[in-house]
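See structure below.
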Amino acid sequence: MDGAGNAFVTCSRLASVASGDEELGIFVSRHDAALNTWDVSTELDTLPGGTYSPTIVANRRGVAVNAWFQAAAGSYQPFVAIYLPGSGWGAPRALGTGSINPSVTLNDAGQGAVGWLDRNTDVVFSRHRAGAFRPRVTLHTGCDTCSSGAYVAIDAGGTVTAAWNQGDSIVGERTIYAVRDGG
């Protein structure tokens, strides 16, 4: 929800594709608090392949970022789309390779990050600054027992904190790890 009370929602649901089949697509809708109405839902992804794990966040200024994973050719790619007040949703952008369960964060200055596990072994994130996502940053490698994505948060100064849990398959214990990147 932004500072004016406008809300965003996202979901993955069946959508018709050019072949006549149905695949899971990413849809978003925005609630206009001043008019007390919901926009008609908009499909963000236009590529073939199912979509999974959508997540959305907005800042006080009304900027929103939606992140999800797109299945294609047996692998998953993290995607993002950005909503700008007065302009609407921008085109989706691939951030690299990965698994499922992205995490997204955004501060009031418009800086943000999307975190995920790459091939279920590397904890990575892509930072958003000056209107664009930057190349991904690897925070931890060799996480062959990670059971969740990289959960990210960003402070007002743009420092990203990523956290994940990792297990010890021999002892059966789980440990939460966190890394900060001021990049």
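Every chain in the structure tokens has a letter given in the order shown (A, B, ...), and although residue numbers restart at 1 in each chain, ligands are simply numbered from 1 in the order shown.
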Counting only C-alpha atoms, which residues of range 71-130 of chain A fall within 9 Å of range 161-164 of chain A, and what is the closest atom pair for each with its distance in Å at one decimal, ordered by chain and rising number, as JSON lines?
{"residue": "A:Gly115", "atom": "CA", "partner": "A:Ala162", "partner_atom": "CA", "distance": 7.3}
{"residue": "A:Val123", "atom": "CA", "partner": "A:Trp164", "partner_atom": "CA", "distance": 7.9}
{"residue": "A:Val124", "atom": "CA", "partner": "A:Ala162", "partner_atom": "CA", "distance": 8.6}
{"residue": "A:Phe125", "atom": "CA", "partner": "A:Ala162", "partner_atom": "CA", "distance": 8.1}
Dump C-alpha atoms for the selected residues as a PDB file, in the first residue's frame?
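Resulting contents of out.pdb:
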ATOM      1  CA  GLY A 115      16.374 -11.801  -3.863  1.00  0.00           C
ATOM      2  CA  VAL A 123      21.885 -16.702  -2.537  1.00  0.00           C
ATOM      3  CA  VAL A 124      21.643 -13.760  -4.978  1.00  0.00           C
ATOM      4  CA  PHE A 125      19.888 -10.456  -5.428  1.00  0.00           C
TER       5      PHE A 125
END
Distance query range 60-69 of chain A at most 7 Å, only C-alpha atoms, self and fewer than 5 positions along chain excluded, as number ranges by chain: A: 2-3, 51-55, 76-85, 100, 102, 104, 108
Okay, now the selection with N, CA and C atoms, as a PDB file, in the first residue's frame?
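Ended up saving to result-v9.pdb:
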ATOM      1  N   ASP A   2       0.512   2.239  -0.788  1.00  0.00           N
ATOM      2  CA  ASP A   2       1.334   3.442  -0.837  1.00  0.00           C
ATOM      3  C   ASP A   2       0.860   4.466   0.200  1.00  0.00           C
ATOM      4  N   GLY A   3       1.494   5.620   0.227  1.00  0.00           N
ATOM      5  CA  GLY A   3       1.190   6.633   1.226  1.00  0.00           C
ATOM      6  C   GLY A   3      -0.195   7.244   1.092  1.00  0.00           C
ATOM      7  N   THR A  51       3.977 -19.332 -14.818  1.00  0.00           N
ATOM      8  CA  THR A  51       4.542 -18.346 -13.908  1.00  0.00           C
ATOM      9  C   THR A  51       4.189 -18.729 -12.482  1.00  0.00           C
ATOM     10  N   TYR A  52       5.094 -18.417 -11.557  1.00  0.00           N
ATOM     11  CA  TYR A  52       4.928 -18.876 -10.188  1.00  0.00           C
ATOM     12  C   TYR A  52       5.404 -17.828  -9.186  1.00  0.00           C
ATOM     13  N   SER A  53       4.891 -17.916  -7.994  1.00  0.00           N
ATOM     14  CA  SER A  53       5.381 -17.177  -6.816  1.00  0.00           C
ATOM     15  C   SER A  53       5.412 -15.665  -6.992  1.00  0.00           C
ATOM     16  N   PRO A  54       4.311 -15.045  -7.430  1.00  0.00           N
ATOM     17  CA  PRO A  54       4.347 -13.583  -7.545  1.00  0.00           C
ATOM     18  C   PRO A  54       4.377 -12.924  -6.170  1.00  0.00           C
ATOM     19  N   THR A  55       5.081 -11.824  -6.088  1.00  0.00           N
ATOM     20  CA  THR A  55       5.129 -11.032  -4.868  1.00  0.00           C
ATOM     21  C   THR A  55       5.231  -9.565  -5.271  1.00  0.00           C
ATOM     22  N   TYR A  76      13.807 -21.970 -14.470  1.00  0.00           N
ATOM     23  CA  TYR A  76      13.042 -20.816 -14.008  1.00  0.00           C
ATOM     24  C   TYR A  76      13.899 -19.563 -14.103  1.00  0.00           C
ATOM     25  N   GLN A  77      13.259 -18.462 -14.477  1.00  0.00           N
ATOM     26  CA  GLN A  77      13.931 -17.172 -14.517  1.00  0.00           C
ATOM     27  C   GLN A  77      13.158 -16.191 -13.657  1.00  0.00           C
ATOM     28  N   PRO A  78      13.841 -15.414 -12.805  1.00  0.00           N
ATOM     29  CA  PRO A  78      13.147 -14.365 -12.073  1.00  0.00           C
ATOM     30  C   PRO A  78      12.874 -13.176 -12.993  1.00  0.00           C
ATOM     31  N   PHE A  79      11.666 -12.640 -12.897  1.00  0.00           N
ATOM     32  CA  PHE A  79      11.252 -11.472 -13.663  1.00  0.00           C
ATOM     33  C   PHE A  79      10.744 -10.400 -12.719  1.00  0.00           C
ATOM     34  N   VAL A  80      10.816  -9.147 -13.164  1.00  0.00           N
ATOM     35  CA  VAL A  80      10.233  -8.028 -12.429  1.00  0.00           C
ATOM     36  C   VAL A  80       9.520  -7.101 -13.404  1.00  0.00           C
ATOM     37  N   ALA A  81       8.532  -6.395 -12.886  1.00  0.00           N
ATOM     38  CA  ALA A  81       7.883  -5.292 -13.607  1.00  0.00           C
ATOM     39  C   ALA A  81       7.683  -4.175 -12.599  1.00  0.00           C
ATOM     40  N   ILE A  82       7.823  -2.934 -13.055  1.00  0.00           N
ATOM     41  CA  ILE A  82       7.742  -1.769 -12.182  1.00  0.00           C
ATOM     42  C   ILE A  82       6.535  -0.921 -12.566  1.00  0.00           C
ATOM     43  N   TYR A  83       5.795  -0.492 -11.546  1.00  0.00           N
ATOM     44  CA  TYR A  83       4.665   0.417 -11.733  1.00  0.00           C
ATOM     45  C   TYR A  83       5.096   1.810 -11.322  1.00  0.00           C
ATOM     46  N   LEU A  84       4.887   2.791 -12.220  1.00  0.00           N
ATOM     47  CA  LEU A  84       5.165   4.189 -11.910  1.00  0.00           C
ATOM     48  C   LEU A  84       3.856   4.963 -11.959  1.00  0.00           C
ATOM     49  N   PRO A  85       3.545   5.739 -10.919  1.00  0.00           N
ATOM     50  CA  PRO A  85       2.312   6.519 -10.931  1.00  0.00           C
ATOM     51  C   PRO A  85       2.258   7.424 -12.170  1.00  0.00           C
ATOM     52  N   ILE A 100      12.400 -20.910  -7.311  1.00  0.00           N
ATOM     53  CA  ILE A 100      11.158 -20.192  -7.048  1.00  0.00           C
ATOM     54  C   ILE A 100      11.245 -19.401  -5.749  1.00  0.00           C
ATOM     55  N   PRO A 102      10.690 -15.702  -5.046  1.00  0.00           N
ATOM     56  CA  PRO A 102      11.453 -14.459  -4.968  1.00  0.00           C
ATOM     57  C   PRO A 102      10.983 -13.620  -3.786  1.00  0.00           C
ATOM     58  N   VAL A 104      10.951  -9.356  -2.652  1.00  0.00           N
ATOM     59  CA  VAL A 104      11.155  -8.017  -3.220  1.00  0.00           C
ATOM     60  C   VAL A 104      10.997  -6.976  -2.123  1.00  0.00           C
ATOM     61  N   ASP A 108      11.406   4.319   0.090  1.00  0.00           N
ATOM     62  CA  ASP A 108      10.684   5.491  -0.403  1.00  0.00           C
ATOM     63  C   ASP A 108      11.458   6.276  -1.450  1.00  0.00           C
TER      64      ASP A 108
END
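The coordinates place CA of Pro48 in chain A at 8.0 Å from CA of Glu23 in chain A.
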DSSP-assigned strand (DSSP E) members of chain A, reported as a ChimeraX atom specification: /A:7-16,22-32,37-38,42-43,51-58,64-72,75-84,88-89,93-94,103-106,112-118,122-129,132-133,137-140,151-154,160-167,174-181
Quick one: everything within 6 Å of Gly149 in chain A, counting only C-alpha atoms, minus sequence neighbours fewer than 2 positions away in the same chain. Send it as an mmCIF file with N, CA and C atoms, in the first residue's frame.
data_model
loop_
_atom_site.group_PDB
_atom_site.id
_atom_site.type_symbol
_atom_site.label_atom_id
_atom_site.label_comp_id
_atom_site.auth_asym_id
_atom_site.auth_seq_id
_atom_site.Cartn_x
_atom_site.Cartn_y
_atom_site.Cartn_z
ATOM 1 N N ASN A 101 10.188 -18.699 -5.416
ATOM 2 C CA ASN A 101 10.048 -17.904 -4.196
ATOM 3 C C ASN A 101 10.938 -16.670 -4.158
ATOM 4 N N TRP A 116 16.675 -14.141 -4.486
ATOM 5 C CA TRP A 116 16.247 -15.498 -4.816
ATOM 6 C C TRP A 116 17.425 -16.447 -4.675
ATOM 7 N N LEU A 117 17.137 -17.729 -4.770
ATOM 8 C CA LEU A 117 18.184 -18.749 -4.826
ATOM 9 C C LEU A 117 18.433 -19.090 -6.278
#
Residues near Ile26 in chain A, cut-off 7 Å, only C-alpha atoms, skip fewer than 4 positions along chain, as a PyMOL selection string: chain A and resi 11-13+43-45+51+54
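Considering only C-alpha atoms, the residue among A:Asn36, A:Gly142, A:His128, A:Gly49 positioned nearest to Leu14 in chain A is A:Gly49.
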